[in-house]
$ cat run.csv   # CSV, C-alpha atoms and all ligand atoms
chain,number,residue,atom,x,y,z
A,352,MET,CA,-97.4,10.2,-25.0
A,353,TYR,CA,-96.0,7.5,-27.3
A,354,MET,CA,-92.5,8.7,-26.6
A,355,LYS,CA,-93.0,8.3,-22.9
A,356,ARG,CA,-94.5,4.8,-23.2
A,357,ASN,CA,-91.6,3.7,-25.4
A,358,LEU,CA,-89.1,5.1,-22.9
A,359,ILE,CA,-90.7,3.1,-20.1
A,360,LEU,CA,-90.8,0.0,-22.2
A,361,ALA,CA,-87.1,0.4,-23.1
A,362,GLY,CA,-86.3,0.9,-19.4
A,363,VAL,CA,-88.2,-2.4,-18.6
A,364,VAL,CA,-86.4,-4.3,-21.3
A,365,VAL,CA,-82.9,-3.1,-20.2
A,366,SER,CA,-83.7,-3.9,-16.5
A,367,VAL,CA,-84.8,-7.4,-17.4
A,368,LEU,CA,-81.7,-7.9,-19.5
A,369,ILE,CA,-79.4,-6.7,-16.6
A,370,PHE,CA,-81.3,-9.0,-14.2
A,371,ALA,CA,-81.0,-12.0,-16.5
A,372,VAL,CA,-77.2,-11.5,-17.0
A,373,ALA,CA,-76.7,-11.0,-13.2
A,374,ALA,CA,-78.7,-14.1,-12.4
A,375,SER,CA,-76.8,-16.3,-14.8
A,376,GLY,CA,-73.7,-15.5,-12.7
A,377,CYS,CA,-71.8,-13.6,-15.3
A,378,ILE,CA,-71.7,-10.3,-13.4
A,379,THR,CA,-71.4,-11.6,-9.9
A,380,THR,CA,-68.7,-14.2,-10.4
A,381,GLY,CA,-67.2,-13.3,-13.8
A,382,THR,CA,-66.9,-17.0,-14.8
A,383,PRO,CA,-69.5,-19.6,-16.0
A,384,LYS,CA,-70.5,-22.2,-13.4
A,385,GLU,CA,-68.0,-25.1,-13.1
A,386,LYS,CA,-69.2,-28.7,-13.2
A,387,VAL,CA,-68.0,-30.3,-10.0
A,388,LEU,CA,-68.0,-34.1,-9.2
A,389,VAL,CA,-68.3,-34.6,-5.5
A,390,VAL,CA,-66.1,-37.6,-4.4
A,391,GLY,CA,-66.3,-39.4,-1.1
A,392,THR,CA,-63.2,-41.2,0.2
A,393,SER,CA,-61.5,-42.3,3.4
A,394,ALA,CA,-58.0,-41.0,3.3
A,395,ASP,CA,-56.3,-43.5,5.5
A,396,PHE,CA,-55.5,-46.1,2.8
A,397,PRO,CA,-52.1,-45.6,1.1
A,398,PRO,CA,-51.3,-45.7,-1.8
A,399,PHE,CA,-55.0,-45.4,-2.8
A,400,GLU,CA,-55.9,-42.4,-0.7
A,401,TYR,CA,-54.0,-40.7,2.0
A,402,LYS,CA,-53.0,-37.3,3.3
A,403,ASN,CA,-49.7,-35.9,2.0
A,404,PRO,CA,-47.8,-35.5,5.3
A,405,LYS,CA,-46.2,-32.2,4.2
A,406,THR,CA,-49.2,-30.4,2.6
A,407,GLY,CA,-52.1,-32.3,4.3
A,408,ASN,CA,-53.7,-32.6,0.8
A,409,ILE,CA,-55.5,-35.8,0.0
A,410,THR,CA,-53.7,-37.7,-2.7
A,411,GLY,CA,-53.2,-41.2,-4.0
A,412,PHE,CA,-54.0,-43.6,-6.8
A,413,ASP,CA,-57.7,-43.4,-6.5
A,414,MET,CA,-57.6,-39.6,-6.3
A,415,ASP,CA,-55.6,-39.4,-9.6
A,416,LEU,CA,-57.8,-42.0,-11.2
A,417,ILE,CA,-61.1,-40.2,-10.3
A,418,LYS,CA,-59.7,-36.9,-11.6
A,419,MET,CA,-58.8,-38.6,-14.9
A,420,VAL,CA,-62.3,-40.1,-15.1
A,421,ALA,CA,-64.0,-36.8,-14.2
A,422,LYS,CA,-62.1,-34.9,-16.9
A,423,LYS,CA,-63.0,-37.5,-19.5
A,424,ILE,CA,-66.7,-37.4,-18.7
A,425,GLY,CA,-67.0,-33.6,-18.8
A,426,TYR,CA,-66.4,-32.3,-15.2
A,427,ASP,CA,-64.2,-29.3,-14.6
A,428,LYS,CA,-63.0,-30.5,-11.3
A,429,VAL,CA,-63.5,-32.8,-8.4
A,430,GLU,CA,-64.3,-32.0,-4.8
A,431,ILE,CA,-63.0,-34.5,-2.3
A,432,LYS,CA,-64.9,-35.3,0.9
A,433,ASP,CA,-63.0,-37.3,3.5
A,434,MET,CA,-64.8,-39.3,6.0
A,435,SER,CA,-64.7,-42.7,7.9
A,436,PHE,CA,-65.0,-45.7,5.6
A,437,ASP,CA,-68.3,-46.8,7.1
A,438,SER,CA,-69.9,-43.3,6.4
A,439,LEU,CA,-69.2,-43.5,2.7
A,440,ILE,CA,-72.2,-45.6,1.5
A,441,PRO,CA,-74.7,-43.6,3.6
A,442,ALA,CA,-73.1,-40.3,2.2
A,443,LEU,CA,-73.7,-41.7,-1.3
A,444,GLN,CA,-77.2,-42.7,-0.6
A,445,THR,CA,-78.2,-39.3,0.9
A,446,GLY,CA,-76.6,-37.4,-1.9
A,447,LYS,CA,-73.7,-35.8,0.0
A,448,VAL,CA,-71.4,-37.2,-2.6
A,449,ASP,CA,-71.8,-38.3,-6.2
A,450,VAL,CA,-69.3,-41.1,-6.3
A,451,VAL,CA,-67.2,-43.1,-3.8
A,452,ILE,CA,-63.7,-44.2,-4.6
A,453,ALA,CA,-61.9,-45.7,-1.6
A,454,GLY,CA,-60.3,-49.0,-2.4
A,455,MET,CA,-63.9,-50.3,-1.9
A,456,THR,CA,-64.4,-53.9,-2.6
A,457,ILE,CA,-67.4,-54.9,-4.8
A,458,THR,CA,-69.5,-57.2,-2.6
A,459,PRO,CA,-73.0,-58.7,-3.1
A,460,LYS,CA,-74.2,-57.0,0.0
A,461,ARG,CA,-73.0,-53.6,-1.0
A,462,GLU,CA,-74.4,-54.2,-4.5
A,463,GLN,CA,-77.9,-54.3,-3.0
A,464,VAL,CA,-77.6,-50.6,-2.0
A,465,VAL,CA,-75.2,-49.0,-4.5
A,466,ASP,CA,-74.0,-49.7,-8.0
A,467,PHE,CA,-70.4,-50.4,-8.8
A,468,SER,CA,-68.2,-49.7,-11.9
A,469,ILE,CA,-66.2,-52.4,-13.6
A,470,PRO,CA,-63.3,-53.5,-11.3
A,471,TYR,CA,-60.0,-51.6,-11.4
A,472,TRP,CA,-57.9,-53.4,-8.8
A,473,LYS,CA,-57.5,-56.7,-7.0
A,474,ALA,CA,-56.8,-57.4,-3.3
A,475,ASP,CA,-56.6,-60.1,-0.6
A,476,GLN,CA,-56.5,-59.7,3.1
A,477,ALA,CA,-53.1,-59.5,4.8
A,478,VAL,CA,-52.4,-60.4,8.4
A,479,VAL,CA,-49.9,-57.9,9.7
A,480,VAL,CA,-47.9,-58.5,12.9
A,481,ARG,CA,-45.1,-56.8,14.8
A,482,LYS,CA,-41.7,-58.4,14.0
A,483,GLY,CA,-40.5,-60.5,16.8
A,484,SER,CA,-44.0,-61.0,18.2
A,485,GLY,CA,-43.5,-64.7,17.7
A,486,ILE,CA,-46.9,-65.0,16.0
A,487,LYS,CA,-46.9,-67.6,13.2
A,488,ILE,CA,-49.9,-67.9,11.0
A,489,SER,CA,-50.0,-70.7,8.4
A,490,SER,CA,-53.8,-70.8,8.0
A,491,PRO,CA,-56.8,-68.7,9.2
A,492,GLU,CA,-57.2,-71.2,12.0
A,493,ASP,CA,-54.1,-69.9,13.6
A,494,LEU,CA,-55.8,-66.6,14.2
A,495,LYS,CA,-58.0,-68.3,16.9
A,496,GLY,CA,-57.5,-66.7,20.4
A,497,LYS,CA,-55.9,-63.6,18.9
A,498,THR,CA,-57.0,-59.9,19.3
A,499,ILE,CA,-57.5,-58.6,15.8
A,500,GLY,CA,-57.6,-55.0,14.7
A,501,VAL,CA,-59.8,-54.1,11.7
A,502,GLU,CA,-61.3,-50.9,10.2
A,503,THR,CA,-65.1,-50.6,10.8
A,504,GLY,CA,-67.3,-51.6,7.9
A,505,THR,CA,-64.5,-53.2,5.8
A,506,THR,CA,-64.3,-56.6,4.1
A,507,GLY,CA,-61.5,-57.4,6.6
A,508,ALA,CA,-63.9,-56.8,9.5
A,509,LEU,CA,-66.6,-58.8,7.8
A,510,TYR,CA,-64.2,-61.7,7.2
A,511,VAL,CA,-63.1,-61.8,10.9
A,512,LYS,CA,-66.7,-61.6,12.1
A,513,ASP,CA,-68.1,-64.2,9.7
A,514,LYS,CA,-65.3,-66.7,9.5
A,515,LEU,CA,-63.7,-66.4,12.9
A,516,GLY,CA,-66.6,-65.3,15.1
A,517,ASN,CA,-66.2,-65.9,18.8
A,518,SER,CA,-62.9,-67.7,18.5
A,519,VAL,CA,-61.2,-64.3,18.3
A,520,THR,CA,-61.5,-60.8,19.9
A,521,MET,CA,-62.1,-58.2,17.2
A,522,LYS,CA,-61.4,-54.6,17.8
A,523,GLU,CA,-62.8,-52.1,15.4
A,524,TYR,CA,-61.2,-48.7,14.6
A,525,SER,CA,-62.8,-45.9,12.5
A,526,THR,CA,-59.6,-45.4,10.6
A,527,TYR,CA,-56.6,-47.5,9.6
A,528,VAL,CA,-54.4,-44.9,11.1
A,529,ALA,CA,-55.9,-45.7,14.5
A,530,ALA,CA,-55.8,-49.5,13.9
A,531,LEU,CA,-52.2,-49.3,12.9
A,532,GLN,CA,-51.4,-47.3,16.1
A,533,ALA,CA,-53.1,-50.1,18.1
A,534,LEU,CA,-50.9,-52.7,16.5
A,535,LEU,CA,-47.7,-50.7,17.1
A,536,ASN,CA,-48.8,-50.1,20.8
A,537,GLY,CA,-49.5,-53.8,21.3
A,538,GLN,CA,-53.2,-53.3,21.9
A,539,VAL,CA,-54.0,-55.8,19.2
A,540,ASN,CA,-51.9,-58.9,18.2
A,541,VAL,CA,-52.6,-58.6,14.5
A,542,LEU,CA,-54.2,-56.4,11.9
A,543,VAL,CA,-56.4,-57.7,9.0
A,544,ILE,CA,-56.1,-55.3,6.2
A,545,ASP,CA,-56.1,-55.2,2.3
A,546,SER,CA,-52.9,-56.7,1.0
A,547,PRO,CA,-51.8,-53.7,-1.3
A,548,VAL,CA,-52.2,-51.4,1.7
A,549,ALA,CA,-50.4,-53.8,4.1
A,550,ASN,CA,-47.5,-53.7,1.7
A,551,MET,CA,-47.3,-49.9,2.0
A,552,PHE,CA,-47.6,-50.0,5.8
A,553,ILE,CA,-44.8,-52.5,6.3
A,554,HIS,CA,-42.6,-50.5,4.0
A,555,LYS,CA,-43.3,-47.4,6.1
A,556,TYR,CA,-43.0,-49.2,9.5
A,557,PRO,CA,-40.0,-51.6,9.4
A,558,SER,CA,-41.1,-53.0,12.8
A,559,LEU,CA,-44.1,-54.6,11.1
A,560,GLU,CA,-44.4,-57.6,8.8
A,561,ILE,CA,-47.0,-59.6,6.9
A,562,ALA,CA,-47.5,-63.0,8.6
A,563,TYR,CA,-50.0,-64.4,6.2
A,564,VAL,CA,-52.3,-63.5,3.3
A,565,ILE,CA,-55.9,-64.8,3.3
A,566,GLN,CA,-57.0,-65.3,-0.4
A,567,THR,CA,-60.3,-63.4,-0.5
A,568,ASN,CA,-60.1,-62.4,-4.2
A,569,GLU,CA,-61.5,-58.9,-3.9
A,570,HIS,CA,-62.0,-56.4,-6.6
A,571,TYR,CA,-62.2,-52.6,-6.1
A,572,GLY,CA,-64.9,-50.6,-7.9
A,573,ILE,CA,-66.1,-47.0,-8.0
A,574,ALA,CA,-69.6,-46.7,-6.4
A,575,VAL,CA,-72.5,-44.5,-7.5
A,576,ARG,CA,-76.0,-44.2,-6.2
A,577,LYS,CA,-78.2,-47.2,-7.0
A,578,GLY,CA,-79.9,-46.7,-10.4
A,579,ASN,CA,-77.6,-43.8,-11.5
A,580,LYS,CA,-77.1,-45.6,-14.9
A,581,GLU,CA,-76.1,-42.5,-16.8
A,582,LEU,CA,-73.2,-41.6,-14.5
A,583,LEU,CA,-72.2,-45.3,-14.2
A,584,ASN,CA,-72.1,-45.9,-17.9
A,585,LYS,CA,-69.9,-42.8,-18.4
A,586,ILE,CA,-67.6,-43.9,-15.6
A,587,ASN,CA,-67.3,-47.4,-17.1
A,588,SER,CA,-66.4,-46.2,-20.6
A,589,ALA,CA,-63.9,-43.7,-19.1
A,590,LEU,CA,-62.3,-46.4,-16.9
A,591,LYS,CA,-62.0,-48.8,-19.9
A,592,GLU,CA,-60.3,-46.1,-22.0
A,593,ILE,CA,-57.9,-45.2,-19.2
A,594,MET,CA,-57.1,-48.8,-18.3
A,595,ASN,CA,-56.2,-49.5,-21.9
A,596,SER,CA,-54.0,-46.5,-22.3
A,597,PRO,CA,-50.4,-45.7,-21.4
A,598,GLU,CA,-51.8,-43.3,-18.7
A,599,TRP,CA,-52.8,-46.4,-16.7
A,600,ASN,CA,-49.2,-47.8,-16.6
A,601,LYS,CA,-48.0,-44.4,-15.6
A,602,LEU,CA,-50.5,-44.1,-12.8
A,603,VAL,CA,-49.6,-47.6,-11.5
A,604,ALA,CA,-45.9,-46.8,-11.7
A,605,LYS,CA,-46.4,-43.6,-9.8
A,606,TYR,CA,-48.0,-45.2,-6.8
A,607,PHE,CA,-46.7,-48.8,-6.9
A,608,GLY,CA,-43.6,-48.8,-8.9
A,609,GLY,CA,-40.0,-48.5,-7.8
B,701,LIG,N1,-61.3,-53.1,0.5
B,701,LIG,C1,-61.9,-53.0,1.8
B,701,LIG,C2,-63.4,-52.8,1.8
B,701,LIG,O1,-63.9,-52.6,0.8
B,701,LIG,C3,-61.2,-51.9,2.6
B,701,LIG,C4,-61.3,-50.6,2.1
B,701,LIG,C5,-60.9,-49.5,3.0
B,701,LIG,N2,-60.7,-48.3,2.4
B,701,LIG,C6,-60.3,-47.1,2.9
B,701,LIG,N3,-60.2,-46.1,2.2
B,701,LIG,N4,-60.1,-47.0,4.2
B,701,LIG,O2,-64.0,-53.0,2.8

$ encode --input "run.csv" --output "structure tokens"
Amino acid sequence: MYMKRNLILAGVVVSVLIFAVAASGCITTGTPKEKVLVVGTSADFPPFEYKNPKTGNITGFDMDLIKMVAKKIGYDKVEIKDMSFDSLIPALQTGKVDVVIAGMTITPKREQVVDFSIPYWKADQAVVVRKGSGIKISSPEDLKGKTIGVETGTTGALYVKDKLGNSVTMKEYSTYVAALQALLNGQVNVLVIDSPVANMFIHKYPSLEIAYVIQTNEHYGIAVRKGNKELLNKINSALKEIMNSPEWNKLVAKYFGG
């Protein structure tokens, strides 16, 4: 009688143990669960984020930087989600991604809906034209009457809308790849785009040149959901450490040097 009861008890204990081990993932996957940081970007912005033409993999300065940050703050890996630039903040707000890194300018308007890290890069807006187009720009006034290509939701688009308004025709594209194509095809007269990226594009397309740089004094930051202080503080201390280490110079040299 006692023997039988003990056997049943032992059986229950063993079953519970097996169940617990299986549920913890040890039996089914063989490895403990990885901590993954889900990162939103828009991979049309070299050298910050772009698709490697050979492999199709998303790479760039921002991608290396966020991997370094993630590692420092205890994540095993990052998962990159590529989308149009204007989808990034909504994706952050709805929890589809944990952070956004996309050469994103820290602006007061965006700061109302997301929180930004300390700045990690500076930019202005470049006016890119086709060589031989005869377009001379010596002040923003000279853009009047032009058809201007921009990427939807960017500070470049905002500048054109706010500062030039009805004096120009603004054409919005969901990616810079499409905007660039429109400039090459002659569908727009000029492109207004962040200066570091314009420098990359004119290097890649020798038929293009920078006609003018509008001093907008922008700073790029990493965005997190509004109020996510814990993650933001960790990101900021990791960023500070990285930016003060030789790793930073290596990273800059990799994407901007030589
Ligand atoms: N810095 C500009 C902005 O914040 C343009 C960023 C575009 N980034 C991109 N990955 N396409 O609006």

$ closest_residue --input "run.csv" --among "A:Lys423, A:His570, A:Lys514, A:Lys402" --to "ligand LIG 701 (chain B)" --atoms "only C-alpha atoms and all ligand atoms"
A:His570

$ closest_residue --input "run.csv" --among "A:Val479, A:Leu531, A:Ile573, A:Ile565" --to "Ala549 in chain A" --atoms "all atoms listed in the file"
A:Val479

$ residues_near_ligand --input "run.csv" --ligand "ligand LIG 701 (chain B)" --cutoff "6 Å" --atoms "all atoms listed in the file" --output "PyMOL selection string"
chain A and resi 393-396+436+453-456+505-506+545

$ atom_distance --input "run.csv" --atom1 "CA of Ile561 in chain A" --atom2 "CA of Val519 in chain A"
18.8 Å

$ atom_distance --input "run.csv" --atom1 "CA of Val389 in chain A" --atom2 "CA of Ile544 in chain A"
26.7 Å

$ closest_residue --input "run.csv" --among "A:Gln444, A:Thr410, A:Thr503, A:Ser596" --to "Ala530 in chain A" --atoms "only C-alpha atoms"
A:Thr503

$ closest_residue --input "run.csv" --among "A:Ala477, A:Val448, A:Ile440, A:Leu515" --to "Val465 in chain A" --atoms "all atoms listed in the file"
A:Ile440

$ residues_around --input "run.csv" --residues "Ala533 in chain A" --least-positions-apart "4" --cutoff "10 Å" --atoms "all atoms listed in the file" --output "list of chain:residue names"
A:Ile499, A:Gly500, A:Lys522, A:Tyr524, A:Tyr527, A:Val528, A:Ala529, A:Gly537, A:Gln538, A:Val539, A:Asn540, A:Val541, A:Leu542

$ atom_distance --input "run.csv" --atom1 "CA of Glu581 in chain A" --atom2 "CA of Gly391 in chain A"
18.8 Å

$ closest_residue --input "run.csv" --among "A:Phe399, A:Tyr510, A:Tyr426, A:Phe412" --to "Asn600 in chain A" --atoms "only C-alpha atoms"
A:Phe412

$ closest_residue --input "run.csv" --among "A:Leu583, A:Lys432, A:Ala604, A:Asn568" --to "Ala474 in chain A" --atoms "all atoms listed in the file"
A:Asn568

$ build_atoms --input "run.csv" --residues "range 580-601 of chain A" --atoms "N, CA, C and O atoms" --output "PDB file, in the coordinates of the input"
ATOM      1  N   LYS A 580     -77.627 -44.919 -13.660  1.00  0.00           N
ATOM      2  CA  LYS A 580     -77.100 -45.600 -14.900  1.00  0.00           C
ATOM      3  C   LYS A 580     -76.271 -44.631 -15.714  1.00  0.00           C
ATOM      4  O   LYS A 580     -75.234 -45.010 -16.250  1.00  0.00           O
ATOM      5  N   GLU A 581     -76.773 -43.397 -15.847  1.00  0.00           N
ATOM      6  CA  GLU A 581     -76.100 -42.500 -16.800  1.00  0.00           C
ATOM      7  C   GLU A 581     -74.688 -42.202 -16.333  1.00  0.00           C
ATOM      8  O   GLU A 581     -73.769 -42.325 -17.141  1.00  0.00           O
ATOM      9  N   LEU A 582     -74.517 -41.896 -15.036  1.00  0.00           N
ATOM     10  CA  LEU A 582     -73.200 -41.600 -14.500  1.00  0.00           C
ATOM     11  C   LEU A 582     -72.315 -42.897 -14.581  1.00  0.00           C
ATOM     12  O   LEU A 582     -71.145 -42.870 -14.975  1.00  0.00           O
ATOM     13  N   LEU A 583     -72.935 -44.030 -14.206  1.00  0.00           N
ATOM     14  CA  LEU A 583     -72.200 -45.300 -14.200  1.00  0.00           C
ATOM     15  C   LEU A 583     -71.659 -45.666 -15.561  1.00  0.00           C
ATOM     16  O   LEU A 583     -70.493 -46.055 -15.699  1.00  0.00           O
ATOM     17  N   ASN A 584     -72.507 -45.524 -16.578  1.00  0.00           N
ATOM     18  CA  ASN A 584     -72.100 -45.900 -17.900  1.00  0.00           C
ATOM     19  C   ASN A 584     -70.902 -44.995 -18.377  1.00  0.00           C
ATOM     20  O   ASN A 584     -69.954 -45.485 -18.999  1.00  0.00           O
ATOM     21  N   LYS A 585     -70.998 -43.708 -18.048  1.00  0.00           N
ATOM     22  CA  LYS A 585     -69.900 -42.800 -18.400  1.00  0.00           C
ATOM     23  C   LYS A 585     -68.619 -43.182 -17.693  1.00  0.00           C
ATOM     24  O   LYS A 585     -67.549 -43.214 -18.293  1.00  0.00           O
ATOM     25  N   ILE A 586     -68.740 -43.487 -16.401  1.00  0.00           N
ATOM     26  CA  ILE A 586     -67.600 -43.900 -15.600  1.00  0.00           C
ATOM     27  C   ILE A 586     -66.937 -45.136 -16.202  1.00  0.00           C
ATOM     28  O   ILE A 586     -65.722 -45.222 -16.368  1.00  0.00           O
ATOM     29  N   ASN A 587     -67.786 -46.114 -16.535  1.00  0.00           N
ATOM     30  CA  ASN A 587     -67.300 -47.400 -17.100  1.00  0.00           C
ATOM     31  C   ASN A 587     -66.532 -47.166 -18.395  1.00  0.00           C
ATOM     32  O   ASN A 587     -65.461 -47.748 -18.597  1.00  0.00           O
ATOM     33  N   SER A 588     -67.094 -46.343 -19.290  1.00  0.00           N
ATOM     34  CA  SER A 588     -66.400 -46.200 -20.600  1.00  0.00           C
ATOM     35  C   SER A 588     -65.065 -45.410 -20.340  1.00  0.00           C
ATOM     36  O   SER A 588     -64.050 -45.730 -20.972  1.00  0.00           O
ATOM     37  N   ALA A 589     -65.088 -44.429 -19.425  1.00  0.00           N
ATOM     38  CA  ALA A 589     -63.900 -43.700 -19.100  1.00  0.00           C
ATOM     39  C   ALA A 589     -62.806 -44.637 -18.524  1.00  0.00           C
ATOM     40  O   ALA A 589     -61.632 -44.616 -18.904  1.00  0.00           O
ATOM     41  N   LEU A 590     -63.261 -45.492 -17.588  1.00  0.00           N
ATOM     42  CA  LEU A 590     -62.300 -46.400 -16.900  1.00  0.00           C
ATOM     43  C   LEU A 590     -61.690 -47.366 -17.966  1.00  0.00           C
ATOM     44  O   LEU A 590     -60.481 -47.607 -17.942  1.00  0.00           O
ATOM     45  N   LYS A 591     -62.538 -47.898 -18.874  1.00  0.00           N
ATOM     46  CA  LYS A 591     -62.000 -48.800 -19.900  1.00  0.00           C
ATOM     47  C   LYS A 591     -60.960 -48.127 -20.740  1.00  0.00           C
ATOM     48  O   LYS A 591     -59.897 -48.704 -20.992  1.00  0.00           O
ATOM     49  N   GLU A 592     -61.285 -46.900 -21.154  1.00  0.00           N
ATOM     50  CA  GLU A 592     -60.300 -46.100 -22.000  1.00  0.00           C
ATOM     51  C   GLU A 592     -59.008 -45.934 -21.221  1.00  0.00           C
ATOM     52  O   GLU A 592     -57.938 -46.187 -21.765  1.00  0.00           O
ATOM     53  N   ILE A 593     -59.122 -45.492 -19.972  1.00  0.00           N
ATOM     54  CA  ILE A 593     -57.900 -45.200 -19.200  1.00  0.00           C
ATOM     55  C   ILE A 593     -57.097 -46.469 -18.954  1.00  0.00           C
ATOM     56  O   ILE A 593     -55.878 -46.479 -19.124  1.00  0.00           O
ATOM     57  N   MET A 594     -57.794 -47.564 -18.598  1.00  0.00           N
ATOM     58  CA  MET A 594     -57.100 -48.800 -18.300  1.00  0.00           C
ATOM     59  C   MET A 594     -56.392 -49.412 -19.495  1.00  0.00           C
ATOM     60  O   MET A 594     -55.491 -50.226 -19.348  1.00  0.00           O
ATOM     61  N   ASN A 595     -56.836 -49.027 -20.697  1.00  0.00           N
ATOM     62  CA  ASN A 595     -56.200 -49.500 -21.900  1.00  0.00           C
ATOM     63  C   ASN A 595     -55.215 -48.533 -22.514  1.00  0.00           C
ATOM     64  O   ASN A 595     -54.774 -48.717 -23.648  1.00  0.00           O
ATOM     65  N   SER A 596     -54.901 -47.487 -21.778  1.00  0.00           N
ATOM     66  CA  SER A 596     -54.000 -46.500 -22.300  1.00  0.00           C
ATOM     67  C   SER A 596     -52.699 -46.436 -21.547  1.00  0.00           C
ATOM     68  O   SER A 596     -52.623 -46.955 -20.433  1.00  0.00           O
ATOM     69  N   PRO A 597     -51.670 -45.805 -22.097  1.00  0.00           N
ATOM     70  CA  PRO A 597     -50.400 -45.700 -21.400  1.00  0.00           C
ATOM     71  C   PRO A 597     -50.520 -44.898 -20.085  1.00  0.00           C
ATOM     72  O   PRO A 597     -49.703 -45.062 -19.185  1.00  0.00           O
ATOM     73  N   GLU A 598     -51.591 -44.086 -19.981  1.00  0.00           N
ATOM     74  CA  GLU A 598     -51.800 -43.300 -18.700  1.00  0.00           C
ATOM     75  C   GLU A 598     -51.911 -44.252 -17.542  1.00  0.00           C
ATOM     76  O   GLU A 598     -51.492 -43.909 -16.441  1.00  0.00           O
ATOM     77  N   TRP A 599     -52.535 -45.411 -17.783  1.00  0.00           N
ATOM     78  CA  TRP A 599     -52.800 -46.400 -16.700  1.00  0.00           C
ATOM     79  C   TRP A 599     -51.412 -46.888 -16.158  1.00  0.00           C
ATOM     80  O   TRP A 599     -51.200 -46.927 -14.942  1.00  0.00           O
ATOM     81  N   ASN A 600     -50.533 -47.263 -17.060  1.00  0.00           N
ATOM     82  CA  ASN A 600     -49.200 -47.800 -16.600  1.00  0.00           C
ATOM     83  C   ASN A 600     -48.450 -46.707 -15.870  1.00  0.00           C
ATOM     84  O   ASN A 600     -47.759 -46.998 -14.901  1.00  0.00           O
ATOM     85  N   LYS A 601     -48.627 -45.467 -16.307  1.00  0.00           N
ATOM     86  CA  LYS A 601     -48.000 -44.400 -15.600  1.00  0.00           C
ATOM     87  C   LYS A 601     -48.485 -44.187 -14.209  1.00  0.00           C
ATOM     88  O   LYS A 601     -47.742 -43.974 -13.259  1.00  0.00           O
TER      89      LYS A 601
END
